[in-house]
Amino acid sequence: MKAVIMAGGQGTRLRPLTSNQPKPMIPIVGVPCMEHIVTLLKRHGINEIVSTLQFMPDEIRDYFGDGSDWGVSMSYSVEDVPAGTAGSVKLAEELLSGERVLVISGDALTDCDLGAVLDFHEKRGAEATMVLKSVENPLEFGVVITEGDGRISRFLEKPTWGQVFSDTVNTGIYLLEPSVLGEIPAEGEYDFSKELFPKLLEAGRPLYGYVTEEYWEDIGTLEQYMKAQRDVLDGKMRGARPPGTRLRENVYVGDRAQVADEQLEGPVVIGENVRVDAGARVSPYSIIGDNVVVAAGATVERSVVAEGTYVGEGAEVLDALVGRNSYIQERARVLERSALGDDVIVGEGATIAPDVKVFPHKSVESGANVTQSLIYETMGLRTVFKGGIVQGKFNVDLTPEFVIRLASSFGTKLDPGEIVTLGRDSTRSAQVAKRAMSSALNATGVNVRDLRAAHAGVVRHDVLAGKSSAGAHVRTGEDPDDVEILFFSSDATPMSEADQRSVEKVFVREEYRRAHGPDVGELIYPGRAVEQYVERLERAHDREATRGDTVVVDFSGGVAGLVASRVFARLGIGAVVVEGFTNANSYTTGTRNTSLTEALDRVGRIVPTVGASFGAVVGPTGEDVQFVDDEGSFVPPDVMLACLISRLRPGKVVLPIDLSHGYDEISREGGGTVVRSRAGLGNVAIKAAKDEADLAGLADGRFVFPAFLPAPDCFITLVRALEAFGGGPEREALSSVSGRFGERFGGVMRRRLECPWAAKGRVMRGLAERFGGDPDAILTDGVKLNLENGGSSWVLMLPDPDNPLFYVYAESNSNGGGKDVRETERVLDEYANLVEGLIGEG
């Protein structure tokens, strides 16, 4: 008699355990499930085995080879296309030599007495014998009803409780005479239980069921998989001895394992070359694979940890499953019934909530709380907001489900009945995300004003005009596959960090408010939102100051181009729009169709031809503006900021802490002052609005005029620039003003340092201890030291809020007020070395 092991299953319900390995190769107490079956066959004297393969066949062939390591002879039959359970055996028929065949599943665990099955089969004169098993819940199996002598009288595939007249189910173990194989078609899918056996039953052929009393467990789910592990450890399956040396009853330890006997309480299995540090705890019913490290203070309890995994200091793995070569960092927690695939990184202090699945090759950031399975998302987020924006790849990080959770969290923090203004750019991905937001907000009892396609400035204006309590804008990022979601407070400033944390708290806990009946929010489509934005712009504009002026503008295909013609016409400004926007519902990339350099060159060629005051390339978001002067030459954004401060003479300017102090000197010359804010656009905009500043900027093309909107907006930027550099008799041309500042403003240099999340607090503490008592130290954001020359020479050590990085900025000026590059480099080296030393102390 020969045996056929059916080993083609993918095990989709066992993912992520089976994402990178076929189901028959999943380990049971350190041994592949199929190896237990091979050992069972060998124990019953069945030495010739054929294995039918389909999913990842090489994994099985490479492991078992010719079978000689197990004292058997193994051959293989590979399905190119699905053939069904019976069809796969038919494909292997030529390897069976016309003999009686035992068919058995390679992904179920059993110690069935095959000798008793054979004896039953022969005594009954059966052509086919099915091995049956009584189970508590037969709904997920095919129920088989037999007569008193074991002859099968009826099949029920996946019955309901009202159809369960027997608790004996099909185990997938069959003993077949050669004649039965002749009933299987040579081509197409054909199944034993659905087609072949009903056919034999209808024909009156001798078909019998043998009810086994031995152990059998179908491993179809992660719960069944964990149960099978515990059953083997409890000795419920005969012949399944865990690998390793048996130190005492039900404690097994592999070769070269470094673990103290007193640290182990059985039943437990420790693989080869495992290291369990002092103070670590491995509790009963844990299975630790080969080459695993369990660091000091870590706890592994009732869990399966696959080979090559590192469990960091103080980490906890509780009743969970961890795949191969994963890294559970310090103080991370993997909680009950969760499952990690292969090569997963769980960052320091992160938590994988109960019942969560993390698929292979995913990274969970330090401190993250992952409450939903990570399947398509690339990472579990430590925080949802980064730089005040939620962003990620559409349908990968920012799936519709993710956006619904985010908007539900946002709506929950608002009062029922409040109104939120939503807008989007022209891309389909932004449209999908905005629709998801609308539905989720309405479901929390919040009303939505949907402006449809409109740039962020229109949304902010709608909020600032009192039409709503908050706002959000959805747009494509710099990468056309990315989507960004901006949130605005009731004063149209970016959402504060405190409010961001409040939304994140709801997001993590999933404690959403649910509205019912008449409390469900309303969807509103206002009619004059864009017109009201243009009217506000008109009121902010000095028409006489720009009368007769012309500008050349390229809107980069962005949605701001929708209102360009109306804006310029209402303001009386002559405009040559190089690239317009015609259809708000058409699909566009939302990014520049040409490179920025090409766009600037094109605008620069047109400006002197038409006698324009200047030209501009507006970014697709409608926020950043890059300028060319009246002669068609590019004006770098840091220089343009200096030009605007010089010509507009604002009374108060807000700049981030990392910009050159040269701006302070220009402002003082014009009778103004510079106030420093924390780094980042959101912090700058909020500070500018709070302090009622006249101008704010980041030296990257984003300029804020808070009296109009507390955020960058391309149209007010163009208007103010035209008021400063238009063709009036008393105004100096942009080319003349920018020429005084050169090609680069200031002498700031920056050094980027890799800094693990875990080290940031230590570095900041070290810097504060060293410089906290220095009267010249500024601890507003990072640590800033004014070194000499009245503060014109300085150094700033600043942690990145969103990435494991630390930055060091420095600027030094000579006694004559010019840039001192050599001194700046020396200062940068000195303080970068200091920060690197603090990073390395851990």
# chains A, B, ... in the order shown; residues from 1 in each chain; ligands from 1
>>> residues_around(residues="Val292 (chain A)", least_positions_apart="3", cutoff="6 Å", atoms="only C-alpha atoms", output="JSON, numbers by chain")
{"A": [274, 307, 308, 309, 310]}
>>> write_last_selection(atoms="all heavy atoms", output="mmCIF file, in the first residue's frame")
data_model
loop_
_atom_site.group_PDB
_atom_site.id
_atom_site.type_symbol
_atom_site.label_atom_id
_atom_site.label_comp_id
_atom_site.auth_asym_id
_atom_site.auth_seq_id
_atom_site.Cartn_x
_atom_site.Cartn_y
_atom_site.Cartn_z
ATOM 1 N N VAL A 274 18.956 28.618 21.514
ATOM 2 C CA VAL A 274 18.119 29.665 22.103
ATOM 3 C C VAL A 274 18.850 30.279 23.293
ATOM 4 O O VAL A 274 19.563 29.583 24.030
ATOM 5 C CB VAL A 274 16.758 29.094 22.538
ATOM 6 C CG1 VAL A 274 16.002 30.074 23.427
ATOM 7 C CG2 VAL A 274 15.936 28.728 21.324
ATOM 8 N N GLU A 307 11.583 30.659 14.802
ATOM 9 C CA GLU A 307 13.032 30.752 14.802
ATOM 10 C C GLU A 307 13.543 32.126 14.366
ATOM 11 O O GLU A 307 12.952 32.810 13.554
ATOM 12 C CB GLU A 307 13.642 29.681 13.889
ATOM 13 C CG GLU A 307 13.275 29.814 12.424
ATOM 14 C CD GLU A 307 12.134 28.900 12.046
ATOM 15 O OE1 GLU A 307 11.269 28.655 12.918
ATOM 16 O OE2 GLU A 307 12.101 28.451 10.892
ATOM 17 N N GLY A 308 14.694 32.488 14.969
ATOM 18 C CA GLY A 308 15.392 33.707 14.575
ATOM 19 C C GLY A 308 14.827 34.986 15.138
ATOM 20 O O GLY A 308 15.300 36.063 14.784
ATOM 21 N N THR A 309 13.853 34.912 16.011
ATOM 22 C CA THR A 309 13.205 36.122 16.537
ATOM 23 C C THR A 309 13.941 36.624 17.777
ATOM 24 O O THR A 309 14.499 35.844 18.550
ATOM 25 C CB THR A 309 11.731 35.832 16.851
ATOM 26 O OG1 THR A 309 11.018 35.694 15.628
ATOM 27 C CG2 THR A 309 11.090 36.932 17.674
ATOM 28 N N TYR A 310 13.923 37.928 17.958
ATOM 29 C CA TYR A 310 14.536 38.568 19.127
ATOM 30 C C TYR A 310 13.429 39.248 19.925
ATOM 31 O O TYR A 310 12.735 40.118 19.415
ATOM 32 C CB TYR A 310 15.574 39.593 18.691
ATOM 33 C CG TYR A 310 16.417 40.150 19.813
ATOM 34 C CD1 TYR A 310 17.713 39.701 20.014
ATOM 35 C CD2 TYR A 310 15.922 41.119 20.676
ATOM 36 C CE1 TYR A 310 18.493 40.202 21.039
ATOM 37 C CE2 TYR A 310 16.686 41.621 21.713
ATOM 38 C CZ TYR A 310 17.980 41.157 21.894
ATOM 39 O OH TYR A 310 18.748 41.652 22.907
#
>>> closest_residue(among="A:Leu464, A:Leu600, A:Val653, A:Ala436", to="Ala492 (chain A)", atoms="only C-alpha atoms")
A:Leu464
>>> closest_residue(among="A:Asp62, A:Val4, A:Val474, A:Leu718", to="Thr550 (chain A)", atoms="only C-alpha atoms")
A:Leu718
>>> select_by_dssp(residues="region 576-697 of chain A", states="helix (DSSP H, G or I)", output="ChimeraX atom specification")
/A:596-610,637-648,662-669,681-690
>>> closest_residue(among="A:Val334, A:Ala688, A:Val577, A:Ala564", to="Val551 (chain A)", atoms="only C-alpha atoms")
A:Val577
>>> residues_around(residues="region 5-18 of chain A", least_positions_apart="2", cutoff="6 Å", atoms="only C-alpha atoms", output="ChimeraX atom specification")
/A:20-24,51-55,104-106,221-222,341,359
>>> atom_distance(atom1="CA of Val346 (chain A)", atom2="CA of Arg302 (chain A)")
19.1 Å
>>> residues_around(residues="region 29-33 of chain A", least_positions_apart="5", cutoff="7 Å", atoms="only C-alpha atoms", output="list in words")
Pro24, Gly106, Asp107, Leu109, Gln229, Pro242, Pro243, Val269, Ile287 and Gly289 of chain A
>>> residues_around(residues="Gly45 (chain A)", least_positions_apart="2", cutoff="10 Å", atoms="only C-alpha atoms", output="ChimeraX atom specification")
/A:1-2,39-43,47-48,72,114-115
>>> write_last_selection(atoms="N, CA, C and O atoms", output="mmCIF file, in the first residue's frame")
data_model
loop_
_atom_site.group_PDB
_atom_site.id
_atom_site.type_symbol
_atom_site.label_atom_id
_atom_site.label_comp_id
_atom_site.auth_asym_id
_atom_site.auth_seq_id
_atom_site.Cartn_x
_atom_site.Cartn_y
_atom_site.Cartn_z
ATOM 1 N N MET A 1 0.841 -1.189 0.000
ATOM 2 C CA MET A 1 0.000 0.000 0.000
ATOM 3 C C MET A 1 0.884 1.249 0.000
ATOM 4 O O MET A 1 1.884 1.323 0.704
ATOM 5 N N LYS A 2 0.499 2.223 -0.820
ATOM 6 C CA LYS A 2 1.195 3.503 -0.869
ATOM 7 C C LYS A 2 0.312 4.585 -0.236
ATOM 8 O O LYS A 2 -0.898 4.419 -0.121
ATOM 9 N N THR A 39 5.952 10.754 9.809
ATOM 10 C CA THR A 39 6.337 9.875 10.919
ATOM 11 C C THR A 39 5.226 8.880 11.234
ATOM 12 O O THR A 39 5.490 7.695 11.520
ATOM 13 N N LEU A 40 3.978 9.319 11.170
ATOM 14 C CA LEU A 40 2.838 8.422 11.404
ATOM 15 C C LEU A 40 2.797 7.308 10.373
ATOM 16 O O LEU A 40 2.591 6.121 10.712
ATOM 17 N N LEU A 41 2.991 7.666 9.108
ATOM 18 C CA LEU A 41 2.975 6.649 8.048
ATOM 19 C C LEU A 41 4.109 5.645 8.239
ATOM 20 O O LEU A 41 3.905 4.420 8.096
ATOM 21 N N LYS A 42 5.296 6.138 8.552
ATOM 22 C CA LYS A 42 6.440 5.254 8.759
ATOM 23 C C LYS A 42 6.177 4.300 9.917
ATOM 24 O O LYS A 42 6.510 3.094 9.847
ATOM 25 N N ARG A 43 5.551 4.820 10.982
ATOM 26 C CA ARG A 43 5.272 3.987 12.148
ATOM 27 C C ARG A 43 4.321 2.843 11.823
ATOM 28 O O ARG A 43 4.346 1.793 12.472
ATOM 29 N N ASN A 47 5.924 2.977 3.641
ATOM 30 C CA ASN A 47 7.218 3.585 3.349
ATOM 31 C C ASN A 47 7.282 4.295 2.001
ATOM 32 O O ASN A 47 8.256 4.996 1.727
ATOM 33 N N GLU A 48 6.291 4.061 1.135
ATOM 34 C CA GLU A 48 6.294 4.707 -0.179
ATOM 35 C C GLU A 48 5.215 5.802 -0.186
ATOM 36 O O GLU A 48 4.022 5.499 -0.048
ATOM 37 N N VAL A 72 11.802 6.677 4.565
ATOM 38 C CA VAL A 72 10.745 6.428 3.590
ATOM 39 C C VAL A 72 11.235 6.873 2.222
ATOM 40 O O VAL A 72 12.287 7.515 2.077
ATOM 41 N N LEU A 114 -3.758 3.660 11.777
ATOM 42 C CA LEU A 114 -3.970 3.300 10.369
ATOM 43 C C LEU A 114 -4.093 1.794 10.178
ATOM 44 O O LEU A 114 -4.756 1.335 9.239
ATOM 45 N N GLY A 115 -3.466 1.022 11.070
ATOM 46 C CA GLY A 115 -3.613 -0.445 10.985
ATOM 47 C C GLY A 115 -5.054 -0.855 11.228
ATOM 48 O O GLY A 115 -5.587 -1.741 10.541
#
>>> decode(residues="region 82-105 of chain A", atoms="N, CA and C atoms", output="PDB file, in the first residue's frame")
ATOM      1  N   PRO A  82      -5.379  24.278 -10.308  1.00  0.00           N
ATOM      2  CA  PRO A  82      -6.129  23.545  -9.290  1.00  0.00           C
ATOM      3  C   PRO A  82      -6.901  22.383  -9.895  1.00  0.00           C
ATOM      4  N   ALA A  83      -6.761  21.213  -9.264  1.00  0.00           N
ATOM      5  CA  ALA A  83      -7.412  20.004  -9.782  1.00  0.00           C
ATOM      6  C   ALA A  83      -8.417  19.429  -8.803  1.00  0.00           C
ATOM      7  N   GLY A  84      -8.584  20.044  -7.619  1.00  0.00           N
ATOM      8  CA  GLY A  84      -9.475  19.488  -6.616  1.00  0.00           C
ATOM      9  C   GLY A  84      -8.794  18.374  -5.853  1.00  0.00           C
ATOM     10  N   THR A  85      -9.399  17.959  -4.733  1.00  0.00           N
ATOM     11  CA  THR A  85      -8.761  16.942  -3.886  1.00  0.00           C
ATOM     12  C   THR A  85      -8.599  15.611  -4.613  1.00  0.00           C
ATOM     13  N   ALA A  86      -9.670  15.160  -5.292  1.00  0.00           N
ATOM     14  CA  ALA A  86      -9.588  13.890  -6.019  1.00  0.00           C
ATOM     15  C   ALA A  86      -8.762  14.049  -7.287  1.00  0.00           C
ATOM     16  N   GLY A  87      -8.910  15.203  -7.944  1.00  0.00           N
ATOM     17  CA  GLY A  87      -8.155  15.428  -9.169  1.00  0.00           C
ATOM     18  C   GLY A  87      -6.664  15.445  -8.937  1.00  0.00           C
ATOM     19  N   SER A  88      -6.215  15.948  -7.790  1.00  0.00           N
ATOM     20  CA  SER A  88      -4.781  15.976  -7.514  1.00  0.00           C
ATOM     21  C   SER A  88      -4.220  14.573  -7.339  1.00  0.00           C
ATOM     22  N   VAL A  89      -5.003  13.671  -6.720  1.00  0.00           N
ATOM     23  CA  VAL A  89      -4.571  12.277  -6.584  1.00  0.00           C
ATOM     24  C   VAL A  89      -4.549  11.608  -7.952  1.00  0.00           C
ATOM     25  N   LYS A  90      -5.519  11.939  -8.814  1.00  0.00           N
ATOM     26  CA  LYS A  90      -5.568  11.375 -10.163  1.00  0.00           C
ATOM     27  C   LYS A  90      -4.310  11.757 -10.945  1.00  0.00           C
ATOM     28  N   LEU A  91      -3.829  12.992 -10.755  1.00  0.00           N
ATOM     29  CA  LEU A  91      -2.628  13.433 -11.451  1.00  0.00           C
ATOM     30  C   LEU A  91      -1.404  12.610 -11.045  1.00  0.00           C
ATOM     31  N   ALA A  92      -1.436  12.074  -9.828  1.00  0.00           N
ATOM     32  CA  ALA A  92      -0.309  11.284  -9.331  1.00  0.00           C
ATOM     33  C   ALA A  92      -0.496   9.786  -9.584  1.00  0.00           C
ATOM     34  N   GLU A  93      -1.505   9.417 -10.354  1.00  0.00           N
ATOM     35  CA  GLU A  93      -1.880   8.005 -10.506  1.00  0.00           C
ATOM     36  C   GLU A  93      -0.738   7.147 -11.023  1.00  0.00           C
ATOM     37  N   GLU A  94       0.057   7.704 -11.955  1.00  0.00           N
ATOM     38  CA  GLU A  94       1.134   6.891 -12.534  1.00  0.00           C
ATOM     39  C   GLU A  94       2.231   6.578 -11.513  1.00  0.00           C
ATOM     40  N   LEU A  95       2.298   7.346 -10.430  1.00  0.00           N
ATOM     41  CA  LEU A  95       3.283   7.080  -9.382  1.00  0.00           C
ATOM     42  C   LEU A  95       2.788   6.055  -8.374  1.00  0.00           C
ATOM     43  N   LEU A  96       1.520   5.629  -8.506  1.00  0.00           N
ATOM     44  CA  LEU A  96       0.916   4.745  -7.509  1.00  0.00           C
ATOM     45  C   LEU A  96       0.917   3.283  -7.918  1.00  0.00           C
ATOM     46  N   SER A  97       1.227   2.996  -9.158  1.00  0.00           N
ATOM     47  CA  SER A  97       1.434   1.621  -9.650  1.00  0.00           C
ATOM     48  C   SER A  97       0.233   0.723  -9.449  1.00  0.00           C
ATOM     49  N   GLY A  98      -0.966   1.271  -9.470  1.00  0.00           N
ATOM     50  CA  GLY A  98      -2.173   0.448  -9.370  1.00  0.00           C
ATOM     51  C   GLY A  98      -2.388  -0.188  -8.021  1.00  0.00           C
ATOM     52  N   GLU A  99      -1.755   0.345  -6.987  1.00  0.00           N
ATOM     53  CA  GLU A  99      -1.895  -0.245  -5.663  1.00  0.00           C
ATOM     54  C   GLU A  99      -3.009   0.442  -4.866  1.00  0.00           C
ATOM     55  N   ARG A 100      -3.376  -0.233  -3.774  1.00  0.00           N
ATOM     56  CA  ARG A 100      -4.279   0.385  -2.800  1.00  0.00           C
ATOM     57  C   ARG A 100      -3.608   1.643  -2.261  1.00  0.00           C
ATOM     58  N   VAL A 101      -4.424   2.696  -2.029  1.00  0.00           N
ATOM     59  CA  VAL A 101      -3.866   3.995  -1.679  1.00  0.00           C
ATOM     60  C   VAL A 101      -4.507   4.512  -0.397  1.00  0.00           C
ATOM     61  N   LEU A 102      -3.647   4.997   0.506  1.00  0.00           N
ATOM     62  CA  LEU A 102      -4.126   5.735   1.669  1.00  0.00           C
ATOM     63  C   LEU A 102      -3.915   7.217   1.378  1.00  0.00           C
ATOM     64  N   VAL A 103      -4.986   7.981   1.385  1.00  0.00           N
ATOM     65  CA  VAL A 103      -4.916   9.432   1.168  1.00  0.00           C
ATOM     66  C   VAL A 103      -5.047  10.116   2.528  1.00  0.00           C
ATOM     67  N   ILE A 104      -4.135  11.050   2.814  1.00  0.00           N
ATOM     68  CA  ILE A 104      -4.144  11.731   4.102  1.00  0.00           C
ATOM     69  C   ILE A 104      -3.708  13.184   3.911  1.00  0.00           C
ATOM     70  N   SER A 105      -4.251  14.053   4.684  1.00  0.00           N
ATOM     71  CA  SER A 105      -3.934  15.480   4.581  1.00  0.00           C
ATOM     72  C   SER A 105      -2.616  15.775   5.269  1.00  0.00           C
TER      73      SER A 105
END
